[in-house]
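See structure below.
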Amino acid sequence: MTVTSFWTKDDENVNAALVSNTAVSTSEVVSTLEIAYMQSSLSGQYKCGINYGGDIIYSTATSINVAGILYFPTHALVVTGQALTISIQTVTDTAHTSIAWYKDNVFMNPSDSDYTITTTDVDESSNKITTSTLVWTNVAASNQDAALHVELATASYYLISTKAVVNVLEIYTQPQDYKILRSIDTYVYCSFEGPPQPSIQWLSHSTLTASGVAVTDRPTQITALTPTSQLTVYQSRLTVNVDASAGPTYWSCRATYPSYTGKYIFTGGQLDTNVACLTPIGVTAVSGPSTLTVGATATFTAKADNPPEPAFTWKFNGYTIGSITTSGSQLSTTEYEYVYTKSSMQVTDSGTYGALAVYADYGSSALVTVNTNVVNACARLAAPANGQLVCDPTTFSTTSTSIPSQAVSETSVSCTVVCNSGYKLQSTQSVYQCTDGTWEQQSVVNPFNKVSKCLRVVPPTSYTLTISVGYTLPWVASCTDYYGDYLRIAFPYHVANAASSLSCVSDGDCSLVDSYFAYDNAFDACYSTGNTIWLKVQYKQTGNTGTDRRNELFGQFSTWVQATSFLPFTLLSDASCIGACSCCIEDSCMKAPTTIMARLKCSSNSRRKRSVGEDFPELSFDEFGGFGNASQLERNEQFLCGPGSVPLGDTCMVCVEGTYQSGDQCLSCPIGTYQENSGSTTCSSCPTGTSTTSTGATNSGLCIEVCQMEDVRYGVSDPPSGWIVKLGDPVTVRCSEGFQFGGKSISVTKLENCNVMPACSRVQITTPSLNVLEGSSFDLNCKITSVSSPELCVFYKDSQQFNATEPISLGGGIFECTTEVLQAQNADEGSYSCSAVWDDEDNAEPSNEIDLRVMALTFDVTPNVYAEGSDHTFFCAATVPSDSAVIISWTRNGQPVGERLTATSNPAIGVLNLVDISPRHQGDYQCRATYLGIGTIVSQPSSLGVLGFLESLNNMDITKGSKADLHCKPTLGEVSWTFNDSPLSVSSTSLEINSAGEQDEGTYKCQVSFQGEAISSSATVTVSDFGITQHPTDTSVESGGVVTVTCATNIDSTFKWFNNGEEVPSGMESTSKQSVLVTSPLTARSHLQCVVTAGGKSYFSKIGVVNVIGFETVPQDKGLSVDGEVSLLCSVTGDGLEKLVWVRANSVEVSSSSMEEHRTGYLTSNVLTTSEEGTYFCRAYFETYTIESERAEFTRLRVVSQLALPLLRSQQPRQ
């Protein structure tokens, strides 16, 4: 039959792996449950179960209560000046009898007003849960890294917690007083320690002492930084930009930490930085001429803040003019003035002129600019033939028909064209205005500013006067009814009788236009308005046209027609026009037969014989209801010009050379034609392959080989698109902002080929100005926007070529070139630019410039060795960019030491002073320069060796025949011994005295030398018959443990005990010849000595060294960013360490290649750097102990806001 055993806790199975030594015999079954490390969670009711082939029996239950600490944090968080709250929770079998809190092993007295301690016991099943809470008010920054622990006693147990390290959250960096550059974004920084992350607010102050007002209208940015592997800092950056007129501004920072409660308590709090003053410096004003003529001298003036006195430079369209100059004149204690003069200004010098103030410690100010337009003086104009120009200023007045050669400088001119007698202006424009060197009438059809022509006045070939005569009828008038037709037929016979009354007709200068009555439309000679019918008559003056007689003619006609009755029947009868039927008109008498209705035509009489009842009245009357006289008259006038001339006002003008008559206009001959004669009606074409450059050409000599301007891509030309220019003539190209032609925004070129028009290009360094860390690499990118690909890109540093690359096409007329700067050094600082080269060097177009600053760190890494007690100072220097700040910090063996320095001046000097050097100062020192928003430079290490004693000699009294050891353990070097100044042959760190006698009494000295440094330790040994016979012995103990030491004498004595030189107040039991000391829990290396007093004499024992083994620093939980690494620190103290390793939760030791180890005296530190998430801990191997640290969890992409801590447990010595 198979028999097995198992165990249950609280009726649930216990892990079978813990069950061992199950023995079955004929008489009994023995099962053993082994738990190596008991924890409070293992408290409960345990039973053993035996399975006899399916039949199960249980033992009676056994209660096991495990006393221990349920919860105590490894860190306690508090804002400086605020209250710290921390709790411990324990489980025991009975209520506590005492509980005490310690800071750095010093008892925290509850009677102290800074401390409040409350403790409660709560029953839970058969256990007592004890909770003790410490509230520590007004925690100062000096308590950073203070170690808190708790000791609790019950009737059965004495519990000692691990240490909770106090983390006092402080202001990490203060905003600094600084001079800021006007109109340039300046970053102001402040930072605060964490986590947790505080909310950070910027305050604006009117003065240094005024209260602040929160600002929300300026851009801010919060960034989490890790200046060291053990520190997280939350930095806030405020962007400040002030204009040329602004005064100083004042700023401070406020951090508010959130509070939270639970097992881990944080009361939060608020930190306020100091108030920083930002003083603006830079160019405050730039002045210069807005408009100049070609050849003039331009003077530009700039004013800048002082002090500090800046160097100065000028820029034109963004490019530096000449070199930086420091010449200037001081206007006042706060202002400097600088003048730049440029002579012989040209059109291509038009653009933006700007000034930069360059401050040695702060960089370049923003560019302040003024726009200057350089124009040609107004071009001289030629007067028109038969006229003159009357101008203001009078230097432009002229009668010459050729352009005067006299030089002028005026850029604003007004001229009026005045024609000679007998001539008139061709157009209504008589005034011409020149502004900024350009005449307003200049255009594609008038590129050479020709003014209106004066045309010769000639009389018309004839004048025409058309008169409308109105007659009132007793009915509504109509031109096309029976009676209207009758009047229209008779009216020419009526006005023919007026000739004798019209002088112009009698003289023969004028005549009645009889053909006027032969109209094709009745309304050409007649119209009606109401009861009035209007009949028209026309006269033409062809004689003596030098005198216009139309007014005379109209007056005489008006008199006649109003005085003479219109008698249609009489007129027609006298003219034998009335037919036999007396109701129709002879066809021959009709002036316009096509417009007369058939009812009045005699040719229609055959079908219109009169009979009773016919509608056609007999034409037998002369009057129409009245007198038949004209009631109203109206006139219309015209005149006719001869071929080659056109009407202008009330006269005619002859079309001049270069024009032709078209209708009533003289038009300029189009481009490509000419006319050499005046009075022409056509123009002649230029020979094939040639053209004129403008309209109005006057001879064939103006037909030349020319081009027509087309659109300039990314710019405009002068002459503009559509204009005709001669090959070889200058063309001014003005490129759009950011584009260039021939390396300039305004450039003059010549057309050599009509098929190749100028086009502007944009060449840009697209990499922004850089602040880079020394040793880093970066790319310079040059982008070209152009109609064609350049052949090459040339890169420059400080105007000197350093590389050239071929472009690649990105499509859409965009090309790019790239060059790389590797491992930047100080020598790489400067201004960088590129140029694109098309056909040859003369066609290279430069880009903008960017500035490169290399952030460098200088540190002397020469190893140093100093004797204990001496002083040493480390220095390092860091470059500081103009728009940022640098934080200089120090590390020893990778851990922060010394004070941080935040600097804005260049260079920043970091100083680390080491005073009264001891072995704890030994290690590798590094300087770190953290550039906010850029990165961190870490120097190479400088090794500092300290020549000192880890163990030194002490006076002792020994009895004859006894044994004693003298220990002298240096940090470095070789040991030599002397006795009463005589050398001994011993070279080890220990000197043994066996069977002491009087010959061994005297002064022992241990001497050590290393690299020129020397130290020594001495002690006096006395030997007597009476005294101490048993001395304290050396021993080892784990941190938190206690030791028992004995001191005995051979005479009656009193005893005192000392630990590290301090008298031990309790824990000893003494008789007259023996004293036994049971120490309190030890957490640091201890030197125990017994001092015996007998017969008025004191005897000093040998020192018993207690080698305390334990962890000084344990790893902490951390979040692991994507693709990132984290560092864990573990440090252990104690002599005899064989190995310190990192272990993963799966008990696999981590490779040593990921670790960095440092030893200083008895302290060994190990830093693990890893990118793998998981659980890690430290394991230390000593001669007789193996200890393990608490576990730390690495979780990727998780922010740990509260540590999950394992239960504390005792470690047992390894046997």
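Note on naming: chains are A, B, ... as they come in the structure tokens, residues start from 1 per chain, ligands start from 1 in the order shown.
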
Exercise for review: Might you pull out every residue within 7 Å of Cys253 of chain A, with only C-alpha atoms counted and same-chain residues fewer than 3 positions away left off, and present them as a ChimeraX atom specification?
Suggested key: /A:190,200-203,272-273

Check your understanding: If you count only C-alpha atoms, which residues fall within 7 Å of Ala100 of chain A, apart from same-chain ones fewer than 5 positions away, as a ChimeraX atom specification?
Key -> /A:150-152

Exercise for review: Just list the residues in segment 31-216 of chain A DSSP gives strand (DSSP E or B) on the backbone, as number ranges by chain.
Suggested key: A: 31-33, 44-52, 55-58, 62-64, 68-71, 75-79, 84-92, 98-103, 106-107, 115-124, 127-136, 147-153, 158-160, 164-169, 171-173, 178-181, 186-194, 199-205, 213-214

Check your understanding: Which distance in Å separates atom CA of Ile724 of chain A and atom CA of Met653 of chain A, to one decimal?
Key -> 29.7 Å
